[in-house]
>>> print(open('entry-v6.cif').read())   # mmCIF, N, CA and C atoms and all ligand atoms
data_entry
#
loop_
_atom_site.label_atom_id
_atom_site.label_comp_id
_atom_site.auth_asym_id
_atom_site.auth_seq_id
_atom_site.Cartn_x
_atom_site.Cartn_y
_atom_site.Cartn_z
N MET M 1 74.52 40.52 158.69
CA MET M 1 73.82 39.24 158.52
C MET M 1 73.88 38.44 159.81
N ALA M 2 72.91 37.57 159.96
CA ALA M 2 72.88 36.70 161.14
C ALA M 2 74.00 35.68 161.05
N GLU M 3 74.51 35.30 162.19
CA GLU M 3 75.51 34.24 162.25
C GLU M 3 74.86 32.92 161.85
N PRO M 4 75.30 32.32 160.74
CA PRO M 4 74.67 31.04 160.33
C PRO M 4 74.79 29.97 161.41
N SER M 5 75.87 30.07 162.23
CA SER M 5 76.08 29.04 163.25
C SER M 5 75.02 29.09 164.35
N ALA M 6 74.27 30.18 164.42
CA ALA M 6 73.23 30.29 165.45
C ALA M 6 72.02 29.40 165.13
N PHE M 7 71.95 28.89 163.90
CA PHE M 7 70.77 28.16 163.45
C PHE M 7 71.02 26.67 163.37
N PRO M 8 70.02 25.84 163.64
CA PRO M 8 68.63 26.19 163.92
C PRO M 8 68.46 26.85 165.28
N VAL M 9 67.45 27.69 165.39
CA VAL M 9 67.11 28.33 166.65
C VAL M 9 65.65 28.02 166.97
N SER M 10 65.38 27.68 168.22
CA SER M 10 64.02 27.30 168.62
C SER M 10 63.59 28.14 169.81
N GLY M 11 62.27 28.30 169.92
CA GLY M 11 61.72 29.02 171.07
C GLY M 11 60.29 28.63 171.30
N THR M 12 59.76 29.12 172.41
CA THR M 12 58.34 28.92 172.70
C THR M 12 57.75 30.25 173.14
N CYS M 13 56.43 30.34 173.07
CA CYS M 13 55.73 31.52 173.58
C CYS M 13 55.76 31.50 175.11
N ALA M 14 55.19 32.53 175.71
CA ALA M 14 55.24 32.67 177.17
C ALA M 14 54.62 31.48 177.89
N CYS M 15 53.56 30.90 177.32
CA CYS M 15 52.88 29.79 178.01
C CYS M 15 53.37 28.43 177.52
N ALA M 16 54.28 28.45 176.56
CA ALA M 16 54.88 27.24 175.97
C ALA M 16 53.90 26.43 175.11
N GLY M 17 52.75 27.00 174.81
CA GLY M 17 51.79 26.31 173.96
C GLY M 17 52.18 26.31 172.49
N VAL M 18 52.93 27.33 172.07
CA VAL M 18 53.36 27.43 170.67
C VAL M 18 54.89 27.35 170.63
N SER M 19 55.40 26.52 169.73
CA SER M 19 56.84 26.40 169.53
C SER M 19 57.17 26.78 168.09
N MET M 20 58.36 27.32 167.90
CA MET M 20 58.78 27.66 166.54
C MET M 20 60.28 27.40 166.41
N THR M 21 60.65 26.86 165.27
CA THR M 21 62.07 26.61 164.96
C THR M 21 62.39 27.25 163.61
N LEU M 22 63.50 27.98 163.57
CA LEU M 22 64.02 28.52 162.32
C LEU M 22 65.20 27.63 161.92
N ALA M 23 65.08 26.97 160.79
CA ALA M 23 66.10 26.01 160.37
C ALA M 23 67.31 26.68 159.76
N ALA M 24 67.13 27.90 159.24
CA ALA M 24 68.19 28.60 158.51
C ALA M 24 68.11 30.09 158.83
N PRO M 25 69.17 30.83 158.54
CA PRO M 25 69.14 32.28 158.81
C PRO M 25 68.05 32.98 157.99
N PRO M 26 67.58 34.12 158.48
CA PRO M 26 66.56 34.89 157.74
C PRO M 26 67.10 35.38 156.40
N ARG M 27 66.18 35.66 155.47
CA ARG M 27 66.55 36.27 154.20
C ARG M 27 66.90 37.73 154.40
N SER M 28 66.21 38.39 155.35
CA SER M 28 66.59 39.73 155.77
C SER M 28 65.97 40.01 157.12
N MET M 29 66.41 41.09 157.75
CA MET M 29 65.92 41.46 159.07
C MET M 29 65.63 42.95 159.09
N LEU M 30 64.50 43.31 159.68
CA LEU M 30 64.01 44.68 159.61
C LEU M 30 63.44 45.12 160.94
N LEU M 31 63.49 46.43 161.15
CA LEU M 31 62.62 47.04 162.15
C LEU M 31 61.50 47.70 161.38
N CYS M 32 60.27 47.61 161.89
CA CYS M 32 59.13 48.23 161.21
C CYS M 32 58.38 49.10 162.21
N ALA M 33 58.29 50.39 161.88
CA ALA M 33 57.62 51.35 162.75
C ALA M 33 56.23 51.71 162.23
N CYS M 34 55.62 50.81 161.43
CA CYS M 34 54.27 51.12 160.92
C CYS M 34 53.28 51.08 162.09
N LEU M 35 52.13 51.68 161.87
CA LEU M 35 51.16 51.80 162.96
C LEU M 35 50.64 50.43 163.40
N ASP M 36 50.50 49.51 162.48
CA ASP M 36 50.05 48.16 162.85
C ASP M 36 51.06 47.49 163.79
N CYS M 37 52.34 47.65 163.48
CA CYS M 37 53.36 47.04 164.33
C CYS M 37 53.41 47.72 165.70
N GLN M 38 53.21 49.03 165.72
CA GLN M 38 53.20 49.71 167.01
C GLN M 38 52.09 49.17 167.90
N GLN M 39 50.91 48.98 167.31
CA GLN M 39 49.81 48.48 168.13
C GLN M 39 50.01 47.02 168.53
N ALA M 40 50.52 46.23 167.58
CA ALA M 40 50.67 44.79 167.86
C ALA M 40 51.75 44.52 168.91
N THR M 41 52.78 45.38 168.94
CA THR M 41 53.88 45.14 169.89
C THR M 41 53.71 45.92 171.18
N GLY M 42 52.90 46.96 171.16
CA GLY M 42 52.81 47.83 172.32
C GLY M 42 54.04 48.70 172.48
N ALA M 43 54.83 48.82 171.42
CA ALA M 43 56.09 49.58 171.47
C ALA M 43 56.20 50.44 170.22
N GLY M 44 57.40 51.01 169.99
CA GLY M 44 57.59 51.91 168.86
C GLY M 44 57.81 51.22 167.53
N HIS M 45 58.23 49.98 167.59
CA HIS M 45 58.49 49.26 166.33
C HIS M 45 58.53 47.76 166.59
N ALA M 46 58.38 47.01 165.53
CA ALA M 46 58.53 45.55 165.60
C ALA M 46 59.91 45.18 165.08
N ALA M 47 60.45 44.06 165.57
CA ALA M 47 61.71 43.50 165.09
C ALA M 47 61.35 42.21 164.36
N LEU M 48 61.57 42.21 163.03
CA LEU M 48 61.03 41.16 162.18
C LEU M 48 62.11 40.48 161.34
N ALA M 49 62.05 39.17 161.29
CA ALA M 49 62.96 38.38 160.47
C ALA M 49 62.17 37.82 159.29
N LEU M 50 62.58 38.21 158.08
CA LEU M 50 61.91 37.69 156.88
C LEU M 50 62.45 36.30 156.59
N MET M 51 61.57 35.31 156.69
CA MET M 51 61.97 33.91 156.55
C MET M 51 61.28 33.28 155.35
N ALA M 52 61.98 32.36 154.69
CA ALA M 52 61.30 31.51 153.71
C ALA M 52 60.42 30.54 154.49
N LEU M 53 59.20 30.32 153.99
CA LEU M 53 58.26 29.41 154.69
C LEU M 53 58.90 28.06 154.96
N VAL M 54 59.69 27.57 154.01
CA VAL M 54 60.26 26.23 154.14
C VAL M 54 61.24 26.13 155.29
N ASP M 55 61.73 27.28 155.78
CA ASP M 55 62.73 27.26 156.86
C ASP M 55 62.11 27.42 158.25
N VAL M 56 60.77 27.47 158.32
CA VAL M 56 60.11 27.73 159.60
C VAL M 56 59.14 26.59 159.93
N ALA M 57 59.21 26.12 161.16
CA ALA M 57 58.26 25.12 161.65
C ALA M 57 57.57 25.67 162.89
N VAL M 58 56.24 25.69 162.86
CA VAL M 58 55.45 26.18 164.00
C VAL M 58 54.51 25.08 164.45
N THR M 59 54.46 24.83 165.75
CA THR M 59 53.48 23.89 166.29
C THR M 59 52.69 24.59 167.38
N GLY M 60 51.47 24.13 167.60
CA GLY M 60 50.64 24.69 168.66
C GLY M 60 49.51 25.53 168.09
N GLN M 61 48.68 26.01 168.99
CA GLN M 61 47.44 26.71 168.62
C GLN M 61 47.69 28.20 168.49
N THR M 62 47.56 28.71 167.24
CA THR M 62 47.69 30.15 167.05
C THR M 62 46.34 30.74 166.69
N GLY M 63 46.13 31.98 167.11
CA GLY M 63 45.02 32.78 166.64
C GLY M 63 45.56 33.73 165.59
N SER M 64 44.67 34.40 164.85
CA SER M 64 45.15 35.33 163.84
C SER M 64 44.20 36.49 163.68
N TRP M 65 44.75 37.55 163.13
CA TRP M 65 43.97 38.76 162.87
C TRP M 65 44.52 39.40 161.61
N ALA M 66 43.64 39.70 160.66
CA ALA M 66 44.08 40.25 159.38
C ALA M 66 43.74 41.73 159.30
N VAL M 67 44.70 42.49 158.78
CA VAL M 67 44.47 43.91 158.53
C VAL M 67 44.90 44.21 157.10
N THR M 68 44.37 45.31 156.55
CA THR M 68 44.83 45.74 155.23
C THR M 68 46.00 46.68 155.43
N ALA M 69 47.15 46.31 154.89
CA ALA M 69 48.37 47.10 155.07
C ALA M 69 48.34 48.33 154.18
N ALA M 70 49.30 49.24 154.41
CA ALA M 70 49.39 50.48 153.63
C ALA M 70 49.48 50.21 152.14
N SER M 71 50.07 49.07 151.78
CA SER M 71 50.25 48.71 150.37
C SER M 71 48.96 48.23 149.73
N GLY M 72 47.93 47.97 150.56
CA GLY M 72 46.70 47.37 150.05
C GLY M 72 46.69 45.87 150.21
N ALA M 73 47.86 45.29 150.52
CA ALA M 73 47.93 43.84 150.75
C ALA M 73 47.28 43.50 152.09
N GLN M 74 46.85 42.26 152.18
CA GLN M 74 46.30 41.77 153.44
C GLN M 74 47.45 41.23 154.29
N THR M 75 47.59 41.75 155.50
CA THR M 75 48.61 41.25 156.42
C THR M 75 47.90 40.52 157.56
N THR M 76 48.30 39.29 157.78
CA THR M 76 47.69 38.50 158.85
C THR M 76 48.72 38.25 159.93
N ARG M 77 48.39 38.63 161.14
CA ARG M 77 49.28 38.41 162.29
C ARG M 77 48.83 37.18 163.05
N TYR M 78 49.81 36.35 163.41
CA TYR M 78 49.52 35.13 164.18
C TYR M 78 50.14 35.27 165.56
N PHE M 79 49.39 34.83 166.56
CA PHE M 79 49.83 34.97 167.95
C PHE M 79 49.34 33.74 168.71
N CYS M 80 49.95 33.47 169.85
CA CYS M 80 49.47 32.35 170.66
C CYS M 80 48.05 32.65 171.12
N SER M 81 47.15 31.71 170.90
CA SER M 81 45.75 31.97 171.22
C SER M 81 45.50 31.96 172.72
N ARG M 82 46.48 31.50 173.51
CA ARG M 82 46.31 31.52 174.97
C ARG M 82 47.01 32.71 175.61
N CYS M 83 48.31 32.90 175.35
CA CYS M 83 49.05 33.96 176.05
C CYS M 83 49.23 35.22 175.22
N GLY M 84 48.95 35.16 173.92
CA GLY M 84 49.00 36.35 173.08
C GLY M 84 50.37 36.73 172.55
N THR M 85 51.40 35.94 172.82
CA THR M 85 52.74 36.24 172.31
C THR M 85 52.71 36.31 170.78
N PRO M 86 53.21 37.41 170.17
CA PRO M 86 53.27 37.46 168.70
C PRO M 86 54.20 36.36 168.16
N VAL M 87 53.78 35.71 167.07
CA VAL M 87 54.58 34.61 166.52
C VAL M 87 55.12 34.99 165.14
N PHE M 88 54.23 35.26 164.20
CA PHE M 88 54.69 35.64 162.86
C PHE M 88 53.55 36.34 162.13
N GLY M 89 53.90 36.94 160.99
CA GLY M 89 52.91 37.56 160.13
C GLY M 89 53.12 37.10 158.70
N LYS M 90 52.04 37.19 157.92
CA LYS M 90 52.10 36.82 156.50
C LYS M 90 51.42 37.90 155.69
N SER M 91 51.96 38.12 154.50
CA SER M 91 51.34 39.08 153.60
C SER M 91 50.75 38.35 152.41
N SER M 92 49.60 38.82 151.94
CA SER M 92 48.98 38.20 150.76
C SER M 92 49.84 38.38 149.52
N ARG M 93 50.80 39.31 149.57
CA ARG M 93 51.66 39.56 148.40
C ARG M 93 53.01 38.85 148.49
N ALA M 94 53.24 38.11 149.55
CA ALA M 94 54.53 37.42 149.71
C ALA M 94 54.26 36.01 150.22
N GLY M 95 53.66 35.20 149.34
CA GLY M 95 53.18 33.89 149.75
C GLY M 95 54.24 32.90 150.19
N ALA M 96 55.49 33.09 149.74
CA ALA M 96 56.54 32.13 150.06
C ALA M 96 57.34 32.53 151.29
N HIS M 97 56.97 33.66 151.89
CA HIS M 97 57.74 34.18 153.03
C HIS M 97 56.84 34.51 154.21
N MET M 98 57.44 34.61 155.35
CA MET M 98 56.74 35.08 156.52
C MET M 98 57.65 35.98 157.34
N LEU M 99 57.04 36.84 158.15
CA LEU M 99 57.79 37.75 159.01
C LEU M 99 57.69 37.23 160.44
N VAL M 100 58.81 36.75 160.94
CA VAL M 100 58.83 36.15 162.27
C VAL M 100 59.21 37.23 163.30
N ALA M 101 58.51 37.24 164.41
CA ALA M 101 58.81 38.19 165.49
C ALA M 101 60.08 37.75 166.21
N ALA M 102 61.13 38.58 166.13
CA ALA M 102 62.42 38.21 166.74
C ALA M 102 62.27 37.97 168.24
N GLY M 103 61.39 38.74 168.87
CA GLY M 103 61.22 38.63 170.32
C GLY M 103 60.64 37.30 170.77
N PHE M 104 60.11 36.54 169.84
CA PHE M 104 59.59 35.21 170.19
C PHE M 104 60.71 34.36 170.80
N PHE M 105 61.95 34.59 170.32
CA PHE M 105 63.09 33.77 170.75
C PHE M 105 63.81 34.42 171.93
N VAL M 106 63.04 34.96 172.82
CA VAL M 106 63.57 35.68 173.97
C VAL M 106 64.66 34.85 174.67
N GLY M 107 65.80 35.51 174.90
CA GLY M 107 66.94 34.80 175.49
C GLY M 107 67.79 34.10 174.45
N HIS M 108 67.28 33.97 173.21
CA HIS M 108 68.01 33.29 172.13
C HIS M 108 67.87 34.10 170.84
N SER M 109 67.94 35.41 170.94
CA SER M 109 67.72 36.25 169.75
C SER M 109 68.92 37.14 169.45
N ASN M 110 70.10 36.75 169.92
CA ASN M 110 71.30 37.54 169.63
C ASN M 110 71.70 37.50 168.17
N TRP M 111 71.12 36.59 167.41
CA TRP M 111 71.41 36.51 165.98
C TRP M 111 70.74 37.64 165.22
N PHE M 112 69.80 38.33 165.85
CA PHE M 112 69.03 39.35 165.12
C PHE M 112 69.88 40.58 164.85
N ARG M 113 70.01 40.95 163.57
CA ARG M 113 70.78 42.12 163.14
C ARG M 113 69.97 42.88 162.10
N PRO M 114 69.20 43.88 162.52
CA PRO M 114 68.36 44.58 161.54
C PRO M 114 69.21 45.29 160.48
N ALA M 115 68.77 45.21 159.23
CA ALA M 115 69.48 45.84 158.12
C ALA M 115 68.86 47.17 157.74
N ALA M 116 67.65 47.43 158.20
CA ALA M 116 66.97 48.67 157.83
C ALA M 116 65.77 48.90 158.75
N LEU M 117 65.36 50.15 158.78
CA LEU M 117 64.09 50.52 159.43
C LEU M 117 63.10 50.87 158.33
N ILE M 118 61.97 50.20 158.33
CA ILE M 118 60.93 50.57 157.36
C ILE M 118 59.79 51.29 158.09
N PHE M 119 59.01 52.03 157.31
CA PHE M 119 57.94 52.88 157.83
C PHE M 119 58.46 53.91 158.82
N ALA M 120 59.64 54.50 158.45
CA ALA M 120 60.21 55.56 159.27
C ALA M 120 59.25 56.75 159.36
N ARG M 121 58.33 56.87 158.44
CA ARG M 121 57.42 58.02 158.46
C ARG M 121 56.56 58.06 159.72
N SER M 122 56.34 56.90 160.33
CA SER M 122 55.54 56.90 161.56
C SER M 122 56.36 56.56 162.80
N MET M 123 57.71 56.64 162.66
CA MET M 123 58.59 56.42 163.81
C MET M 123 58.29 57.47 164.88
N LEU M 124 58.35 57.05 166.13
CA LEU M 124 58.07 57.96 167.24
C LEU M 124 59.36 58.55 167.78
N ASP M 125 59.34 59.84 168.15
CA ASP M 125 60.62 60.47 168.52
C ASP M 125 61.19 59.92 169.83
N TRP M 126 60.38 59.27 170.63
CA TRP M 126 60.91 58.66 171.86
C TRP M 126 61.47 57.26 171.62
N ASP M 127 61.26 56.74 170.42
CA ASP M 127 61.75 55.40 170.10
C ASP M 127 63.12 55.54 169.44
N LYS M 128 64.19 55.41 170.23
CA LYS M 128 65.54 55.68 169.73
C LYS M 128 66.07 54.51 168.92
N ILE M 129 66.39 54.79 167.66
CA ILE M 129 66.88 53.76 166.74
C ILE M 129 68.21 54.24 166.15
N ASP M 130 69.14 53.33 166.03
CA ASP M 130 70.48 53.60 165.50
C ASP M 130 70.43 54.51 164.27
N ASP M 131 71.07 55.68 164.36
CA ASP M 131 71.08 56.63 163.25
C ASP M 131 71.73 56.06 162.00
N LYS M 132 72.60 55.07 162.18
CA LYS M 132 73.32 54.51 161.04
C LYS M 132 72.49 53.50 160.26
N LEU M 133 71.36 53.11 160.83
CA LEU M 133 70.53 52.12 160.15
C LEU M 133 69.80 52.78 158.97
N PRO M 134 69.93 52.23 157.77
CA PRO M 134 69.20 52.82 156.63
C PRO M 134 67.70 52.90 156.93
N ARG M 135 67.10 54.00 156.51
CA ARG M 135 65.67 54.21 156.80
C ARG M 135 64.90 54.38 155.50
N TYR M 136 63.71 53.85 155.50
CA TYR M 136 62.82 53.99 154.36
C TYR M 136 61.50 54.54 154.87
N GLU M 137 60.95 55.49 154.16
CA GLU M 137 59.70 56.12 154.60
C GLU M 137 58.58 55.10 154.72
N THR M 138 58.52 54.16 153.75
CA THR M 138 57.52 53.10 153.81
C THR M 138 58.27 51.77 153.60
N TYR M 139 57.96 51.08 152.51
CA TYR M 139 58.63 49.81 152.28
C TYR M 139 60.05 50.02 151.80
N LYS M 140 60.89 49.02 151.99
CA LYS M 140 62.26 49.04 151.50
C LYS M 140 62.21 48.98 149.98
N THR M 141 62.97 49.87 149.34
CA THR M 141 62.90 49.91 147.87
C THR M 141 64.10 49.19 147.25
ZN ZN U 201 51.37 30.96 174.62
ZN ZN U 202 54.95 47.13 160.50
#
>>> encode(input="entry-v6.cif", output="structure tokens")
Amino acid sequence: MAEPSAFPVSGTCACAGVSMTLAAPPRSMLLCACLDCQQATGAGHAALALMALVDVAVTGQTGSWAVTAASGAQTTRYFCSRCGTPVFGKSSRAGAHMLVAAGFFVGHSNWFRPAALIFARSMLDWDKIDDKLPRYETYKT
């Protein structure tokens, strides 16, 4: 679990146009190797903090792009409309929560402790992930 003492934690995107504050620790933390996350991050997986909406404050201009996830739910990714830094994502099936990009808090993300890897089925063999981390082929069950 994340150190509660690390919170609140605040950060800005690369151009400082978007700011985000997490008032409380995440409900859970995940790595996701789904194909959408690979494309959105430009890497093998995303590092995501599942947050209650009430614990997150975002200011500034975000753009968004919606895709249909493997589950059939609509996933909308939000990013800074100027510099493109990923900010958070929302699922149509999880209205009270959002998935915050841990990397947004660059330099202040030591609180991030992933509890599982999801979408291991599309994990890339060059993307080395802790063998001890529980893995799920798709969503965490
Ligand atoms: Zn920006
Ligand atoms: Zn994903």
>>> residues_around(input="entry-v6.cif", residues="Tyr78 in chain M", least_positions_apart="4", cutoff="10 Å", atoms="only C-alpha atoms", output="MDAnalysis selection string")
chainID M and resid 61:66 84:90 100:101
>>> write_last_selection(input="entry-v6.cif", atoms="N, CA and C atoms", output="compact mmCIF listing (two decimals), in the frame of the given file")
# COMPACT_ATOMS: atom_id res chain seq x y z
N GLN M 61 48.68 26.01 168.99
CA GLN M 61 47.44 26.71 168.62
C GLN M 61 47.69 28.20 168.49
N THR M 62 47.56 28.71 167.24
CA THR M 62 47.69 30.15 167.05
C THR M 62 46.34 30.74 166.69
N GLY M 63 46.13 31.98 167.11
CA GLY M 63 45.02 32.78 166.64
C GLY M 63 45.56 33.73 165.59
N SER M 64 44.67 34.40 164.85
CA SER M 64 45.15 35.33 163.84
C SER M 64 44.20 36.49 163.68
N TRP M 65 44.75 37.55 163.13
CA TRP M 65 43.97 38.76 162.87
C TRP M 65 44.52 39.40 161.61
N ALA M 66 43.64 39.70 160.66
CA ALA M 66 44.08 40.25 159.38
C ALA M 66 43.74 41.73 159.30
N GLY M 84 48.95 35.16 173.92
CA GLY M 84 49.00 36.35 173.08
C GLY M 84 50.37 36.73 172.55
N THR M 85 51.40 35.94 172.82
CA THR M 85 52.74 36.24 172.31
C THR M 85 52.71 36.31 170.78
N PRO M 86 53.21 37.41 170.17
CA PRO M 86 53.27 37.46 168.70
C PRO M 86 54.20 36.36 168.16
N VAL M 87 53.78 35.71 167.07
CA VAL M 87 54.58 34.61 166.52
C VAL M 87 55.12 34.99 165.14
N PHE M 88 54.23 35.26 164.20
CA PHE M 88 54.69 35.64 162.86
C PHE M 88 53.55 36.34 162.13
N GLY M 89 53.90 36.94 160.99
CA GLY M 89 52.91 37.56 160.13
C GLY M 89 53.12 37.10 158.70
N LYS M 90 52.04 37.19 157.92
CA LYS M 90 52.10 36.82 156.50
C LYS M 90 51.42 37.90 155.69
N VAL M 100 58.81 36.75 160.94
CA VAL M 100 58.83 36.15 162.27
C VAL M 100 59.21 37.23 163.30
N ALA M 101 58.51 37.24 164.41
CA ALA M 101 58.81 38.19 165.49
C ALA M 101 60.08 37.75 166.21
>>> residues_near_ligand(input="entry-v6.cif", ligand="ligand ZN 202 (chain U)", cutoff="6.5 Å", atoms="all atoms listed in the file", output="list in words")
Cys32, Ala33, Cys34, Leu35, Asp36, Cys37, Gln38 and Ala46 of chain M
>>> residues_near_ligand(input="entry-v6.cif", ligand="ligand ZN 201 (chain U)", cutoff="8 Å", atoms="all atoms listed in the file", output="list in words")
Thr12, Cys13, Ala14, Cys15, Ala16, Gly17, Val18, Ser19, Gln61, Phe79, Cys80, Ser81, Arg82, Cys83, Gly84 and Thr85 of chain M
>>> atom_distance(input="entry-v6.cif", atom1="CA of Ser109 in chain M", atom2="atom N of Pro25 in chain M")
12.5 Å
>>> atom_distance(input="entry-v6.cif", atom1="CA of Val67 in chain M", atom2="CA of Met20 in chain M")
23.1 Å
